[in-house]
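Inspection log for the structure reproduced underneath, given as structure tokens.
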Amino acid sequence: MIPDATAPRLIHVSAAVITDADGRLLLVRKAGTTAFMQPGGKPEPGESPAETLARELAEEVGLRVEPDALEPLGSFTATAANEPGFAVVADVFRVDIGDQRPIPDAEIAELRWVTAATASGIEVAPLAREFFLPA
């Protein structure tokens with residue numbers, strides 16, 4: 001059987017749904033890219049999806065969360081924002097950051113708190129736009 005050449009290649013990631021008191025969603029933009037997306041990233045060998053997200057949140061935006069405190073929302077698939085020909089398969093978790101304040105670090109160039117209305121002027125990654133951007 002010949003594989004379907006049009007099928008997207010898959011990138012597995014963990015991603016966070018972090019909202020503030022006003023119901024806005026936290027999005028980040030990595031250096032050298034144009035799309036804003038949920039914080040998170042790819043697993044290292046042996047990491048669970050929750051462990052991946054806890055590590056990525058600490059590295060990217062300075063947030064400290066315990067993997068067992070993350071609320072699983074499920075697995076979601078969307079077109080990858082920054083890698084043409086790929087789809088992202090994301091294990092997504094709701095994350096309560098309490099009174100912590102995210103700060104761009106590592107490869108993160110910028111962060112924004114957005115709703116569908118306030119995000120209309122920026123490029124939002126398909127995963128966030130299709131599934132998690134609040135009204």
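Simple scheme: letters A, B, ... for chains in structure tokens order, numbers from 1 for residues in each chain, numbers from 1 for ligands in the order shown.
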
- Task: Write out as a ChimeraX atom specification the residues lying within 10 Å of Glu71 of chain A, counting only C-alpha atoms and excluding same-chain residues fewer than 4 positions away.
- Result: /A:16-17,50,67,92-96

What would the file look like if the residues just selected were written as a short mmCIF file (atom, residue, chain, number, x, y, z; two decimals), in the first residue's frame with N, CA and C atoms?
data_model
loop_
_atom_site.label_atom_id
_atom_site.label_comp_id
_atom_site.auth_asym_id
_atom_site.auth_seq_id
_atom_site.Cartn_x
_atom_site.Cartn_y
_atom_site.Cartn_z
N ALA A 16 -1.21 24.62 26.66
CA ALA A 16 -1.94 25.13 27.83
C ALA A 16 -3.09 26.03 27.44
N VAL A 17 -4.19 25.90 28.17
CA VAL A 17 -5.27 26.88 28.15
C VAL A 17 -5.17 27.62 29.48
N ALA A 50 1.68 15.87 30.56
CA ALA A 50 1.61 16.87 31.64
C ALA A 50 3.00 17.32 32.07
N PRO A 67 2.71 18.93 37.37
CA PRO A 67 2.01 18.15 36.35
C PRO A 67 0.67 17.58 36.81
N VAL A 92 -4.00 18.88 25.42
CA VAL A 92 -4.28 20.22 25.94
C VAL A 92 -4.75 20.13 27.39
N PHE A 93 -4.25 21.04 28.19
CA PHE A 93 -4.58 21.08 29.61
C PHE A 93 -5.00 22.49 30.01
N ARG A 94 -6.03 22.58 30.88
CA ARG A 94 -6.37 23.84 31.51
C ARG A 94 -5.40 24.02 32.67
N VAL A 95 -4.82 25.22 32.78
CA VAL A 95 -3.80 25.48 33.79
C VAL A 95 -4.22 26.67 34.64
N ASP A 96 -4.28 26.46 35.94
CA ASP A 96 -4.54 27.54 36.89
C ASP A 96 -3.19 28.04 37.40
#

- Using only C-alpha atoms, determine which residues lie at most 7 Å from Leu63 of chain A, disregarding the query and same-chain residues fewer than 5 positions distant; provide the list as a list of chain:residue names. A:Leu57, A:Ala58, A:Gln100, A:Pro102

- Item | Nearest residue to Pro134 of chain A from the set A:Ala69, A:Leu26, A:Ala87, A:Val61 (distances using only C-alpha atoms) | A:Leu26

- Query: Which polymer residues have any atom within 12 Å of an atom of Gly62 of chain A, counting only C-alpha atoms, with same-chain residues fewer than 2 positions away left out, as number ranges by chain?
  - Reply: A: 39-40, 54-60, 64-65, 97, 100-106, 108

- Message: Excluding Val124 of chain A and its own-chain neighbours fewer than 4 positions away, which residues fall within 9 Å of it when counting only C-alpha atoms? Please give them as a list in words.
- Response: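 Using only C-alpha atoms, the neighbours found are Leu27, Thr34, Ala35, Phe36, Met37, Ala81, Ala119, Ser120, Ala128 and Arg129 of chain A.
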
Would you put the residues from that selection into a file with all heavy atoms, as a PDB file, in the first residue's frame?
ATOM      1  N   LEU A  27      -1.659  33.816  24.899  1.00  0.00           N
ATOM      2  CA  LEU A  27      -0.996  33.337  23.688  1.00  0.00           C
ATOM      3  C   LEU A  27       0.431  33.865  23.669  1.00  0.00           C
ATOM      4  O   LEU A  27       0.709  34.938  24.200  1.00  0.00           O
ATOM      5  CB  LEU A  27      -1.730  33.802  22.423  1.00  0.00           C
ATOM      6  CG  LEU A  27      -3.148  33.280  22.222  1.00  0.00           C
ATOM      7  CD1 LEU A  27      -3.735  33.847  20.927  1.00  0.00           C
ATOM      8  CD2 LEU A  27      -3.192  31.761  22.207  1.00  0.00           C
ATOM      9  N   THR A  34       5.498  34.414  13.184  1.00  0.00           N
ATOM     10  CA  THR A  34       4.471  35.450  13.155  1.00  0.00           C
ATOM     11  C   THR A  34       3.196  35.056  13.898  1.00  0.00           C
ATOM     12  O   THR A  34       2.411  35.916  14.263  1.00  0.00           O
ATOM     13  CB  THR A  34       4.104  35.805  11.699  1.00  0.00           C
ATOM     14  OG1 THR A  34       3.706  34.616  11.023  1.00  0.00           O
ATOM     15  CG2 THR A  34       5.299  36.428  10.976  1.00  0.00           C
ATOM     16  N   ALA A  35       2.973  33.763  14.116  1.00  0.00           N
ATOM     17  CA  ALA A  35       1.710  33.304  14.705  1.00  0.00           C
ATOM     18  C   ALA A  35       1.791  33.260  16.232  1.00  0.00           C
ATOM     19  O   ALA A  35       2.790  32.823  16.801  1.00  0.00           O
ATOM     20  CB  ALA A  35       1.351  31.923  14.168  1.00  0.00           C
ATOM     21  N   PHE A  36       0.709  33.686  16.861  1.00  0.00           N
ATOM     22  CA  PHE A  36       0.554  33.551  18.306  1.00  0.00           C
ATOM     23  C   PHE A  36      -0.121  32.219  18.586  1.00  0.00           C
ATOM     24  O   PHE A  36      -1.051  31.831  17.885  1.00  0.00           O
ATOM     25  CB  PHE A  36      -0.300  34.691  18.869  1.00  0.00           C
ATOM     26  CG  PHE A  36       0.453  35.978  19.010  1.00  0.00           C
ATOM     27  CD1 PHE A  36       0.616  36.824  17.922  1.00  0.00           C
ATOM     28  CD2 PHE A  36       0.999  36.341  20.231  1.00  0.00           C
ATOM     29  CE1 PHE A  36       1.317  38.011  18.052  1.00  0.00           C
ATOM     30  CE2 PHE A  36       1.695  37.532  20.371  1.00  0.00           C
ATOM     31  CZ  PHE A  36       1.854  38.364  19.274  1.00  0.00           C
ATOM     32  N   MET A  37       0.352  31.514  19.616  1.00  0.00           N
ATOM     33  CA  MET A  37      -0.178  30.195  19.947  1.00  0.00           C
ATOM     34  C   MET A  37      -0.191  30.010  21.451  1.00  0.00           C
ATOM     35  O   MET A  37       0.360  30.819  22.191  1.00  0.00           O
ATOM     36  CB  MET A  37       0.679  29.107  19.294  1.00  0.00           C
ATOM     37  CG  MET A  37       2.126  29.107  19.761  1.00  0.00           C
ATOM     38  SD  MET A  37       3.191  28.018  18.800  1.00  0.00           S
ATOM     39  CE  MET A  37       3.012  28.693  17.175  1.00  0.00           C
ATOM     40  N   ALA A  81       1.059  25.864  12.755  1.00  0.00           N
ATOM     41  CA  ALA A  81       1.156  27.281  12.388  1.00  0.00           C
ATOM     42  C   ALA A  81       2.459  27.623  11.685  1.00  0.00           C
ATOM     43  O   ALA A  81       2.469  28.406  10.747  1.00  0.00           O
ATOM     44  CB  ALA A  81       0.999  28.151  13.633  1.00  0.00           C
ATOM     45  N   ALA A 119      -8.130  39.589  19.255  1.00  0.00           N
ATOM     46  CA  ALA A 119      -7.117  38.874  18.464  1.00  0.00           C
ATOM     47  C   ALA A 119      -7.324  39.049  16.963  1.00  0.00           C
ATOM     48  O   ALA A 119      -6.547  38.517  16.176  1.00  0.00           O
ATOM     49  CB  ALA A 119      -7.141  37.385  18.803  1.00  0.00           C
ATOM     50  N   SER A 120      -8.325  39.820  16.575  1.00  0.00           N
ATOM     51  CA  SER A 120      -8.646  39.933  15.147  1.00  0.00           C
ATOM     52  C   SER A 120      -7.521  40.543  14.327  1.00  0.00           C
ATOM     53  O   SER A 120      -7.403  40.272  13.143  1.00  0.00           O
ATOM     54  CB  SER A 120      -9.941  40.733  14.952  1.00  0.00           C
ATOM     55  OG  SER A 120      -9.780  42.043  15.444  1.00  0.00           O
ATOM     56  N   ALA A 128      -5.324  27.217  18.484  1.00  0.00           N
ATOM     57  CA  ALA A 128      -5.936  28.189  19.390  1.00  0.00           C
ATOM     58  C   ALA A 128      -7.185  28.811  18.772  1.00  0.00           C
ATOM     59  O   ALA A 128      -8.221  28.943  19.427  1.00  0.00           O
ATOM     60  CB  ALA A 128      -4.940  29.265  19.785  1.00  0.00           C
ATOM     61  N   ARG A 129      -7.097  29.203  17.501  1.00  0.00           N
ATOM     62  CA  ARG A 129      -8.210  29.878  16.826  1.00  0.00           C
ATOM     63  C   ARG A 129      -9.437  28.962  16.719  1.00  0.00           C
ATOM     64  O   ARG A 129     -10.553  29.383  16.966  1.00  0.00           O
ATOM     65  CB  ARG A 129      -7.770  30.339  15.446  1.00  0.00           C
ATOM     66  CG  ARG A 129      -8.810  31.189  14.705  1.00  0.00           C
ATOM     67  CD  ARG A 129      -8.341  31.644  13.344  1.00  0.00           C
ATOM     68  NE  ARG A 129      -8.186  30.505  12.449  1.00  0.00           N
ATOM     69  CZ  ARG A 129      -7.035  30.112  11.899  1.00  0.00           C
ATOM     70  NH1 ARG A 129      -5.924  30.761  12.159  1.00  0.00           N
ATOM     71  NH2 ARG A 129      -6.969  29.075  11.100  1.00  0.00           N
TER      72      ARG A 129
END

- Please indicate the distance in Å from atom CA of Thr52 of chain A to atom CA of Asp68 of chain A, rounded to one decimal place.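 It comes out at 11.8 Å.
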
- Measure the distance from atom CA of Gln38 of chain A to atom CA of Ala125 of chain A in Å and round it to one decimal. 8.2 Å

- Message: List as a list in words the protein and nucleic acid residues near Glu110 of chain A, meaning an atom at most 8 Å away when only C-alpha atoms are counted, but skip any in the same chain fewer than 3 places from it.
- Response: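 Result of the neighbour search: Val28, Arg29, Lys30, Ala31 and Pro104 of chain A.
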
- Item | Nearest to Ala80 of chain A by atom-to-atom distance, counting only C-alpha atoms, from A:Ala15, A:Leu127, A:Leu133, A:Ala116 |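 Checking each of A:Ala15, A:Leu127, A:Leu133, A:Ala116 against Ala80 of chain A, counting only C-alpha atoms, the winner is A:Leu127.
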
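Here the question is which of A:Glu107, A:Thr79, A:Asp91, A:Gly85 gets nearest to Pro126 of chain A using only C-alpha atoms, and that residue is A:Thr79.
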
- Task: Write down as number ranges by chain the residues belonging to chain A that are assigned strand (DSSP E) by DSSP computed on the backbone.
- Result: A: 9-17, 25-30, 40-41, 71-79, 86-94, 108-114

- Query: Quick one: DSSP alpha helix (DSSP H) residues in segment 28-119 of chain A, as a PyMOL selection string?
  - Reply: chain A and resi 49-61

For Lys42 of chain A, list every protein, DNA or RNA residue within 9 Å, evaluated using only C-alpha atoms, and leave out those in the same chain fewer than 2 positions away; present the list as a compact mmCIF listing (two decimals) with N, CA, C and O atoms, in the first residue's frame.
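Okay, part-v5.txt is ready:
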# COMPACT_ATOMS: atom_id res chain seq x y z
N ILE A 11 3.12 16.47 14.39
CA ILE A 11 3.99 16.96 15.46
C ILE A 11 3.19 16.83 16.75
O ILE A 11 2.09 17.39 16.86
N HIS A 12 3.71 16.08 17.71
CA HIS A 12 3.02 15.91 18.99
C HIS A 12 3.53 16.95 19.99
O HIS A 12 4.74 17.13 20.14
N VAL A 13 2.59 17.63 20.63
CA VAL A 13 2.93 18.68 21.60
C VAL A 13 1.97 18.61 22.78
O VAL A 13 0.95 17.93 22.74
N SER A 14 2.32 19.35 23.82
CA SER A 14 1.42 19.64 24.93
C SER A 14 1.18 21.14 24.91
O SER A 14 2.10 21.91 24.64
N GLY A 40 3.47 26.00 25.31
CA GLY A 40 3.64 24.55 25.36
C GLY A 40 4.76 24.14 24.44
O GLY A 40 5.55 24.97 23.99
N GLU A 44 10.20 15.75 25.66
CA GLU A 44 11.53 15.15 25.70
C GLU A 44 11.33 13.66 25.98
O GLU A 44 10.27 13.26 26.49
N PRO A 49 2.66 13.85 28.77
CA PRO A 49 2.17 15.15 28.26
C PRO A 49 2.11 16.23 29.35
O PRO A 49 2.49 17.37 29.10
N THR A 52 5.64 17.38 30.16
CA THR A 52 6.11 18.24 29.07
C THR A 52 5.60 19.66 29.26
O THR A 52 6.36 20.62 29.19
N LEU A 53 4.30 19.79 29.51
CA LEU A 53 3.72 21.12 29.64
C LEU A 53 4.27 21.86 30.85
O LEU A 53 4.60 23.05 30.75
N GLU A 56 7.74 23.07 29.84
CA GLU A 56 7.67 24.14 28.84
C GLU A 56 7.18 25.45 29.44
O GLU A 56 7.68 26.52 29.10

Find the residues near Val114 of chain A: any atom within 6 Å, counting only C-alpha atoms, skip ones fewer than 4 places away on the same chain, and give them as a tab-separated table (two decimals) with all heavy atoms, in the first residue's frame.
chain	number	residue	atom	x	y	z
A	24	ARG	N	-9.65	36.19	29.28
A	24	ARG	CA	-8.78	36.24	28.10
A	24	ARG	C	-7.81	35.07	28.10
A	24	ARG	O	-7.39	34.61	29.15
A	24	ARG	CB	-8.00	37.56	28.07
A	24	ARG	CG	-8.90	38.79	28.00
A	24	ARG	CD	-8.11	40.08	28.10
A	24	ARG	NE	-7.34	40.11	29.34
A	24	ARG	CZ	-6.44	41.03	29.64
A	24	ARG	NH1	-6.17	42.00	28.79
A	24	ARG	NH2	-5.79	40.99	30.79
A	25	LEU	N	-7.45	34.60	26.91
A	25	LEU	CA	-6.56	33.47	26.73
A	25	LEU	C	-5.13	33.95	26.54
A	25	LEU	O	-4.88	34.89	25.77
A	25	LEU	CB	-6.99	32.67	25.48
A	25	LEU	CG	-6.16	31.45	25.10
A	25	LEU	CD1	-6.32	30.34	26.14
A	25	LEU	CD2	-6.57	30.95	23.71
A	118	THR	N	-10.29	40.79	20.39
A	118	THR	CA	-9.03	41.52	20.47
A	118	THR	C	-7.92	40.85	19.66
A	118	THR	O	-6.90	41.46	19.39
A	118	THR	CB	-8.55	41.68	21.93
A	118	THR	OG1	-8.34	40.39	22.51
A	118	THR	CG2	-9.57	42.45	22.75
A	119	ALA	N	-8.13	39.59	19.25
A	119	ALA	CA	-7.12	38.87	18.46
A	119	ALA	C	-7.32	39.05	16.96
A	119	ALA	O	-6.55	38.52	16.18
A	119	ALA	CB	-7.14	37.39	18.80

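You will find atom CA of Pro8 of chain A at 13.5 Å from atom CA of Asn82 of chain A.
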